[in-house]
Structure formats: structure tokens, C-alpha cells
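Structure below is data.cif: mmCIF, C-alpha atoms (C1' of nucleotides).
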data_model
#
loop_
_atom_site.label_atom_id
_atom_site.label_comp_id
_atom_site.auth_asym_id
_atom_site.auth_seq_id
_atom_site.Cartn_x
_atom_site.Cartn_y
_atom_site.Cartn_z
CA GLU N 1 0.00 0.00 0.00
CA ALA N 2 3.03 2.19 0.38
CA SER N 3 3.73 1.19 -3.21
CA THR N 4 0.34 2.49 -4.27
CA ASN N 5 1.11 5.78 -2.61
CA ILE N 6 4.41 5.99 -4.43
CA LEU N 7 2.64 5.43 -7.71
CA LEU N 8 0.03 8.05 -6.83
CA SER N 9 2.73 10.51 -5.91
CA ALA N 10 4.53 9.94 -9.20
CA LEU N 11 1.34 10.46 -11.17
CA THR N 12 0.38 13.67 -9.42
CA GLN N 13 3.87 15.07 -9.74
CA ASN N 14 3.56 14.69 -13.48
CA GLY N 15 0.21 16.37 -13.53
CA ARG N 16 -1.65 13.17 -14.40
CA LEU N 17 -4.60 13.90 -12.20
CA ASN N 18 -7.03 11.65 -14.02
CA ASP N 19 -4.74 8.66 -13.82
CA ALA N 20 -4.12 9.37 -10.18
CA LYS N 21 -7.81 9.50 -9.51
CA SER N 22 -8.45 6.21 -11.26
CA VAL N 23 -5.64 4.50 -9.38
CA PHE N 24 -7.10 5.88 -6.20
CA ASP N 25 -10.55 4.60 -7.09
CA ARG N 26 -9.23 1.14 -7.85
CA THR N 27 -7.24 0.66 -4.66
CA ARG N 28 -8.91 -0.95 -1.68
CA GLN N 29 -6.25 -0.31 0.93
CA ARG N 30 -6.13 3.41 1.44
CA ASN N 31 -4.48 5.06 4.36
CA VAL N 32 -4.36 8.70 5.36
CA VAL N 33 -1.39 9.29 3.07
CA THR N 34 -3.26 7.87 0.08
CA TRP N 35 -6.09 10.29 0.68
CA THR N 36 -3.92 13.27 1.39
CA THR N 37 -1.83 12.73 -1.71
CA LEU N 38 -4.88 12.95 -3.91
CA ILE N 39 -6.30 15.90 -1.98
CA ALA N 40 -3.05 17.78 -2.45
CA ALA N 41 -3.13 17.04 -6.16
CA PHE N 42 -6.61 18.48 -6.56
CA ALA N 43 -5.88 21.43 -4.32
CA GLN N 44 -2.67 22.32 -6.10
CA ASN N 45 -4.56 22.45 -9.37
CA GLY N 46 -7.22 24.73 -7.99
CA HIS N 47 -9.90 22.06 -7.74
CA LEU N 48 -10.89 22.92 -4.22
CA GLY N 49 -14.34 21.42 -4.62
CA GLU N 50 -12.96 17.97 -5.37
CA ALA N 51 -10.32 18.37 -2.71
CA ARG N 52 -12.84 19.29 -0.09
CA GLN N 53 -15.13 16.41 -1.01
CA LEU N 54 -12.30 13.96 -0.55
CA PHE N 55 -11.31 15.65 2.65
CA GLU N 56 -14.79 15.23 4.06
CA ALA N 57 -15.04 11.67 2.82
CA MET N 58 -11.83 10.40 4.29
CA PRO N 59 -12.21 8.15 7.33
CA GLN N 60 -9.72 9.99 9.49
CA ARG N 61 -7.76 13.19 9.09
CA ASN N 62 -4.51 14.20 10.63
CA ILE N 63 -2.75 17.54 10.82
CA VAL N 64 -1.17 17.04 7.41
CA SER N 65 -4.51 16.50 5.71
CA TRP N 66 -5.89 19.58 7.42
CA THR N 67 -2.95 21.67 6.36
CA THR N 68 -3.20 20.37 2.82
CA ILE N 69 -6.75 21.63 2.47
CA LEU N 70 -5.74 24.86 4.18
CA GLN N 71 -2.96 25.37 1.69
CA GLY N 72 -5.41 24.84 -1.14
CA PHE N 73 -7.28 27.95 -0.02
CA VAL N 74 -4.07 29.85 0.57
CA VAL N 75 -2.98 29.51 -3.04
CA LEU N 76 -6.45 29.93 -4.52
CA PRO N 77 -6.41 32.52 -2.90
CA ASP N 78 -9.30 32.66 -0.45
CA VAL N 79 -8.05 34.06 2.81
CA ASP N 80 -11.39 33.82 4.54
CA GLU N 81 -11.84 30.14 3.77
CA ALA N 82 -8.22 29.58 4.73
CA ALA N 83 -8.83 31.22 8.09
CA ASN N 84 -11.96 29.15 8.45
CA VAL N 85 -10.02 25.94 8.03
CA PHE N 86 -7.15 27.15 10.16
CA PHE N 87 -9.30 27.96 13.16
CA SER N 88 -11.34 24.78 12.78
CA MET N 89 -8.36 22.47 12.89
CA PRO N 90 -8.11 20.27 15.95
CA GLY N 91 -4.48 21.30 16.39
CA ARG N 92 -2.00 23.62 14.74
CA ASP N 93 1.67 23.05 14.24
CA PRO N 94 4.25 25.47 12.82
CA VAL N 95 3.57 24.31 9.28
CA ALA N 96 -0.10 25.22 9.58
CA TYR N 97 0.74 28.56 11.17
CA ASN N 98 3.25 29.34 8.46
CA ALA N 99 0.72 28.61 5.75
CA MET N 100 -1.89 30.85 7.36
CA ILE N 101 0.61 33.65 7.84
CA VAL N 102 1.34 33.50 4.12
CA SER N 103 -2.36 33.81 3.40
CA TYR N 104 -2.69 36.96 5.51
CA ALA N 105 0.47 38.40 4.01
CA ASP N 106 -0.69 37.75 0.46
CA SER N 107 -3.91 39.63 1.12
CA GLY N 108 -2.14 42.56 2.71
CA ARG N 109 -3.26 41.76 6.24
CA VAL N 110 0.15 42.21 7.80
CA LEU N 111 -1.10 42.87 11.29
CA GLU N 112 -2.99 39.60 11.41
CA ALA N 113 0.02 37.82 9.99
CA ARG N 114 2.14 39.28 12.76
CA ALA N 115 -0.41 38.40 15.41
CA LEU N 116 -0.32 34.75 14.37
CA PHE N 117 3.45 34.80 14.33
CA ASP N 118 3.54 36.21 17.85
CA GLU N 119 1.07 33.64 19.05
CA MET N 120 3.16 30.68 17.93
CA LYS N 121 4.67 28.48 20.62
CA GLN N 122 7.46 27.27 18.39
CA ARG N 123 8.84 29.17 15.45
CA ASP N 124 11.07 27.52 12.91
CA THR N 125 13.23 29.18 10.29
CA VAL N 126 10.37 28.99 7.81
CA SER N 127 8.22 30.98 10.24
CA TRP N 128 10.82 33.72 10.48
CA ASN N 129 11.37 33.73 6.74
CA THR N 130 7.64 33.94 6.21
CA ILE N 131 7.15 36.98 8.42
CA VAL N 132 10.20 38.70 6.94
CA GLN N 133 8.77 38.13 3.50
CA ALA N 134 5.35 39.28 4.69
CA TYR N 135 6.81 42.66 5.58
CA ALA N 136 8.93 42.91 2.46
CA GLN N 137 6.16 42.14 0.01
CA ASN N 138 3.84 44.64 1.64
CA GLY N 139 6.21 47.55 1.36
CA HIS N 140 7.74 47.41 4.83
CA VAL N 141 11.35 46.58 4.02
CA ASP N 142 12.42 48.40 7.14
CA GLN N 143 10.37 46.06 9.30
CA ALA N 144 11.64 43.13 7.29
CA ALA N 145 15.22 44.14 7.97
CA PHE N 146 14.51 44.71 11.65
CA THR N 147 13.00 41.25 11.95
CA PHE N 148 15.77 39.70 9.91
CA ASP N 149 18.32 41.06 12.37
CA ARG N 150 16.51 39.37 15.25
CA MET N 151 16.18 35.93 13.69
CA PRO N 152 17.84 33.11 15.63
CA GLN N 153 19.27 31.67 12.43
CA TRP N 154 19.27 32.29 8.73
CA ASP N 155 19.24 30.17 5.66
CA VAL N 156 19.53 30.90 1.95
CA VAL N 157 15.84 31.73 1.80
CA SER N 158 16.12 34.42 4.49
CA TRP N 159 18.97 36.13 2.70
CA THR N 160 17.38 35.94 -0.71
CA ALA N 161 14.17 37.40 0.63
CA MET N 162 16.13 40.45 1.78
CA VAL N 163 17.92 40.75 -1.56
CA THR N 164 14.65 40.90 -3.45
CA GLY N 165 12.84 42.88 -0.78
CA HIS N 166 15.33 45.70 -0.98
CA ALA N 167 15.30 45.59 -4.75
CA GLN N 168 11.55 45.99 -4.87
CA ALA N 169 11.87 49.00 -2.60
CA GLY N 170 14.43 50.46 -4.98
CA HIS N 171 17.33 50.00 -2.57
CA ALA N 172 19.93 48.75 -5.01
CA LEU N 173 22.85 49.10 -2.63
CA GLN N 174 21.30 47.22 0.28
CA SER N 175 20.09 44.54 -2.05
CA TRP N 176 23.60 44.04 -3.29
CA GLU N 177 25.03 44.04 0.24
CA PHE N 178 22.78 41.22 1.32
CA PHE N 179 23.78 39.24 -1.72
CA VAL N 180 27.47 39.76 -1.09
CA PHE N 181 27.22 38.75 2.56
CA MET N 182 25.43 35.50 1.87
CA LYS N 183 27.40 32.39 2.71
CA GLN N 184 25.47 30.04 0.48
CA ARG N 185 23.86 30.94 -2.80
CA ASN N 186 21.66 28.87 -5.01
CA VAL N 187 20.10 29.53 -8.39
CA VAL N 188 17.22 31.39 -6.77
CA SER N 189 19.61 33.81 -5.07
CA TRP N 190 21.38 34.43 -8.34
CA ASN N 191 18.12 34.98 -10.16
CA GLY N 192 17.11 37.30 -7.37
CA ILE N 193 20.14 39.55 -7.60
CA MET N 194 19.92 39.55 -11.37
CA ASN N 195 16.35 40.80 -11.14
CA ALA N 196 17.36 43.24 -8.47
CA CYS N 197 19.74 44.86 -10.94
CA ALA N 198 17.12 44.98 -13.66
CA LEU N 199 14.53 46.39 -11.28
CA THR N 200 16.81 49.19 -10.25
CA GLY N 201 17.71 50.03 -13.83
CA ASN N 202 21.08 48.31 -13.94
CA ILE N 203 20.52 46.02 -16.90
CA LEU N 204 24.22 45.79 -17.62
CA GLY N 205 24.66 44.40 -14.14
CA SER N 206 21.99 41.82 -14.88
CA LYS N 207 23.85 40.66 -17.92
CA GLN N 208 27.13 40.39 -16.04
CA ILE N 209 25.51 38.39 -13.28
CA PHE N 210 23.92 36.09 -15.81
CA GLN N 211 27.34 35.41 -17.27
CA LYS N 212 28.90 34.79 -13.87
CA MET N 213 26.29 32.61 -12.27
CA PRO N 214 27.23 28.96 -11.78
CA GLN N 215 23.98 27.48 -13.02
CA TRP N 216 20.84 28.56 -14.80
CA ASP N 217 17.27 27.53 -14.86
CA GLU N 218 14.32 28.60 -16.95
CA ILE N 219 13.71 31.57 -14.67
CA SER N 220 17.26 32.82 -15.19
CA TRP N 221 16.68 33.05 -18.91
CA THR N 222 13.24 34.54 -18.66
CA SER N 223 14.45 37.08 -16.13
CA LEU N 224 17.22 38.39 -18.32
CA LEU N 225 14.90 38.52 -21.29
CA ALA N 226 12.32 40.43 -19.29
CA GLY N 227 15.03 42.75 -18.01
CA TYR N 228 16.05 43.59 -21.55
CA ALA N 229 12.48 44.07 -22.68
CA GLN N 230 11.55 46.29 -19.77
CA ASN N 231 14.60 48.48 -20.29
CA GLY N 232 13.98 48.86 -23.99
CA LYS N 233 16.96 46.72 -25.03
CA LEU N 234 15.17 44.98 -27.86
CA LEU N 235 18.25 44.01 -29.85
CA GLU N 236 19.78 42.29 -26.85
CA ALA N 237 16.49 40.57 -26.21
CA GLU N 238 16.43 39.17 -29.72
CA GLU N 239 20.02 37.99 -29.48
CA LEU N 240 19.21 36.20 -26.26
CA LEU N 241 16.23 34.48 -27.81
CA VAL N 242 18.53 32.76 -30.29
CA ASP N 243 20.33 30.98 -27.49
CA PHE N 244 17.22 30.21 -25.49
CA PRO N 245 17.17 26.62 -24.29
CA SER N 246 14.23 24.54 -25.40
CA ASP N 247 12.61 21.95 -23.21
CA ASP N 248 12.73 18.89 -25.43
"C1'" U B 1 26.13 19.69 10.67
"C1'" A B 2 24.48 17.00 4.83
"C1'" A B 3 25.22 11.63 1.19
"C1'" C B 4 23.56 5.85 0.78
"C1'" A B 5 17.68 6.62 -4.99
"C1'" C B 6 11.66 10.49 -3.27
"C1'" C B 7 4.32 7.65 0.06
"C1'" A B 8 1.22 13.40 1.70
"C1'" G B 9 1.15 19.68 4.09
"C1'" U B 10 4.33 25.55 5.04
"C1'" U B 11 8.78 30.26 3.32
"C1'" A B 12 12.75 33.31 -1.21
"C1'" U B 13 13.62 34.50 -7.92
"C1'" G B 14 10.91 35.59 -13.86
"C1'" A B 15 6.73 35.59 -17.55
#
Write out the structure in this file as C-alpha cells.
Amino acid sequence: EASTNILLSALTQNGRLNDAKSVFDRTRQRNVVTWTTLIAAFAQNGHLGEARQLFEAMPQRNIVSWTTILQGFVVLPDVDEAANVFFSMPGRDPVAYNAMIVSYADSGRVLEARALFDEMKQRDTVSWNTIVQAYAQNGHVDQAAFTFDRMPQWDVVSWTAMVTGHAQAGHALQSWEFFVFMKQRNVVSWNGIMNACALTGNILGSKQIFQKMPQWDEISWTSLLAGYAQNGKLLEAEELLVDFPSDD
RNA sequence: UAACACCAGUUAUGA
């Protein structure tokens, strides 16, 4: 039955929702993971109705199944339904809190996001990153920086959030400083600083970063292209298109 | 402090 769940997981990861559903329907031995895997698949594709039906039909739910349905409303987005689920849950762990904080942040309700954060018994690094990002994306980079300074520990996500947060506020220098001070960088950090340059009008910097970065993904290419386009560098954009990687 | 092949939930980058 673990093997069924592995199959289900593989199918949903490849977007084969229908196949996943039919496998689910044909299996007799379902456990909470079987159910939750399918619920997550529906929820991640915006099919909250189906997800909710399964959620209500499942014989027993645990905190992961609750958080899965919660997350479905977070990404929809439907902050009120998300809050509904969140406050109905039999128990809340940091993962559930973090998801709900994101929902408040995405709808501009920073104070409520902060209130939840303060109310948490245990905060993990994701919690801190989430509240830092909540401030940054709502135009309070100063608060984001203040909170960042008080975090017990940082990871690559924390640093990258500050790089992009400052860039969005137009603080090119601070953005760059955070990038330089980072101990570990991944492709997201590199994409972030490249976009930071473009955002603050330094498209030449974007190009240089693109050339220097150790690895690229689709977002790296799209970012540079967008940077050119938004700064009126149409010739450069066309040149870049020639070298664009294709996905087959 | 990580590796030894992934059964489900939360945070950072572009369009």
C-alpha cells in the first residue's frame, strides 16, 4: 500500500490527475497518506471542490490532511476560507501557522500575519522567513530588515528574501550588500540579484551576473529577457532568444 | 552539521 502511494505521488507530480484518480478509485487499501496525496493534487490544481469532497469523505484526518486543504485555499487565494479551516483544525503546528501567515500576508493583512506569528509556541526558520517576507512584500522593508536582524538563524531563503525585498523597494545598494554577505547561494539567489539589478535600472549588471552565475534555470533566462524588454533593449532581447534553451 | 535513490502539508527569484 506504500507502493500504491508511491505510484500516486509519481502520477500527481507529473500532472496526471485523471490517472491518479483512477488509481485511487481502484485501490482498496487506502491510508491517510493515500487520501492526502490525492487531496493535495486536486488542491494544487485549484480544484478545491474535489479536494474538499475527498477531505470530508476520508475516514480519518490528521494535521497534514488539514494543512493540505488549508494550503489549497491559501494559493487559490481565499483568505477567509483559509482562516476558516485554520481555526477549525483540531491542532495547529508550525507548518499550519506558516501557511496561514502567508495567506494573511498575500492579502495585505500584515497585522494579522504578525499576530499569528507572535502567538506561535514554536517558530522555525520557515516561520521567520515567512514573516520577513510578509513585511517585504507589503512595502515594509524596514520592518523586514529589523525582523531579519533578530532571527535566531538564517538560511539561503532568508537572505534571498532580503535581496529581493530591498530591490523591490528600490534600494539597489542594500540589495547588493545582502547578496554579497550570503554564505550560500543557489540559483534562486542568483536569479534574485539579477532581477534586483534589472529592477533598479542596472541592466548591464543583470547581464554580467547572468554570465557569472554557476547554473541557470528557466527563470534565469526569462528574467534576463524580461530585463532587456523592460529596459527597452530589444536588440539584446532578440540575441538572447537565439540561445534560449528549449525543453525537449 | 548534509550523502547511501523520493508515500502526503508551510517560506525566497521571472513571464
**Request:** Would you mind reading off the distance between atom CA of N:Gln71 and atom CA of N:Pro59, one decimal, in Å?
**Result:**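 Distance reported for this atom pair: 20.3 Å.
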**Message:** So that I can check the surroundings of B:A15, please list as a PyMOL selection string every protein, DNA and RNA residue that reaches within 9 Å of it, counting all atoms listed in the file and ignoring chain neighbours fewer than 6 positions away.
**Reply:** chain N and resi 219+222-223+226
Generate the output file for the selected residues, C-alpha atoms, as a compact mmCIF listing (two decimals), in the frame of the given file.
# COMPACT_ATOMS: atom_id res chain seq x y z
CA ILE N 219 13.71 31.57 -14.67
CA THR N 222 13.24 34.54 -18.66
CA SER N 223 14.45 37.08 -16.13
CA ALA N 226 12.32 40.43 -19.29
**Message:** Under the PyMOL selection byres ((chain B) within 8 of (chain N)), which residues of this model are included? Write them out as JSON, numbers by chain.
**Reply:** {"B": [7, 8, 9, 10, 11, 12, 13, 14, 15]}
Give the centre and edge lengths of an axis-aligned box, in Å to one decimal, that holds all listed atoms of chain B with 8 Å on each side, as lines of an AutoDock Vina configuration file.
center_x = 13.6
center_y = 20.7
center_z = -3.4
size_x = 41.0
size_y = 45.7
size_z = 44.2
**Message:** Just to confirm, what's the straight-line distance from atom C1' of B:U1 to atom CA of N:Lys183 in Å (one decimal)?
**Reply:**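 Calculated distance between atom C1' of B:U1 and atom CA of N:Lys183 is 15.0 Å.
Relative to atom CA of N:Ala167, atom CA of N:Asp149 is found at 18.0 Å.
Put simply, the PyMOL selection byres ((chain N and resi 140) around 12) in this file takes in Ala105, Gly108, Val110, Leu111, Ile131, Val132, Gln133, Ala134, Tyr135, Ala136, Gln137, Asn138, Gly139, Val141, Asp142, Gln143, Ala144, Ala145, Phe146, Thr147, Met162, Gly165, His166, Gln168 and Ala169 of chain N.
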**Message:** Going by the chain IDs and residue numbers used in this file, which residues fall under the PyMOL selection byres ((chain N and resi 231) around 12)? Write them as number ranges by chain.
**Reply:** N: 197-204, 206, 224-230, 232-237
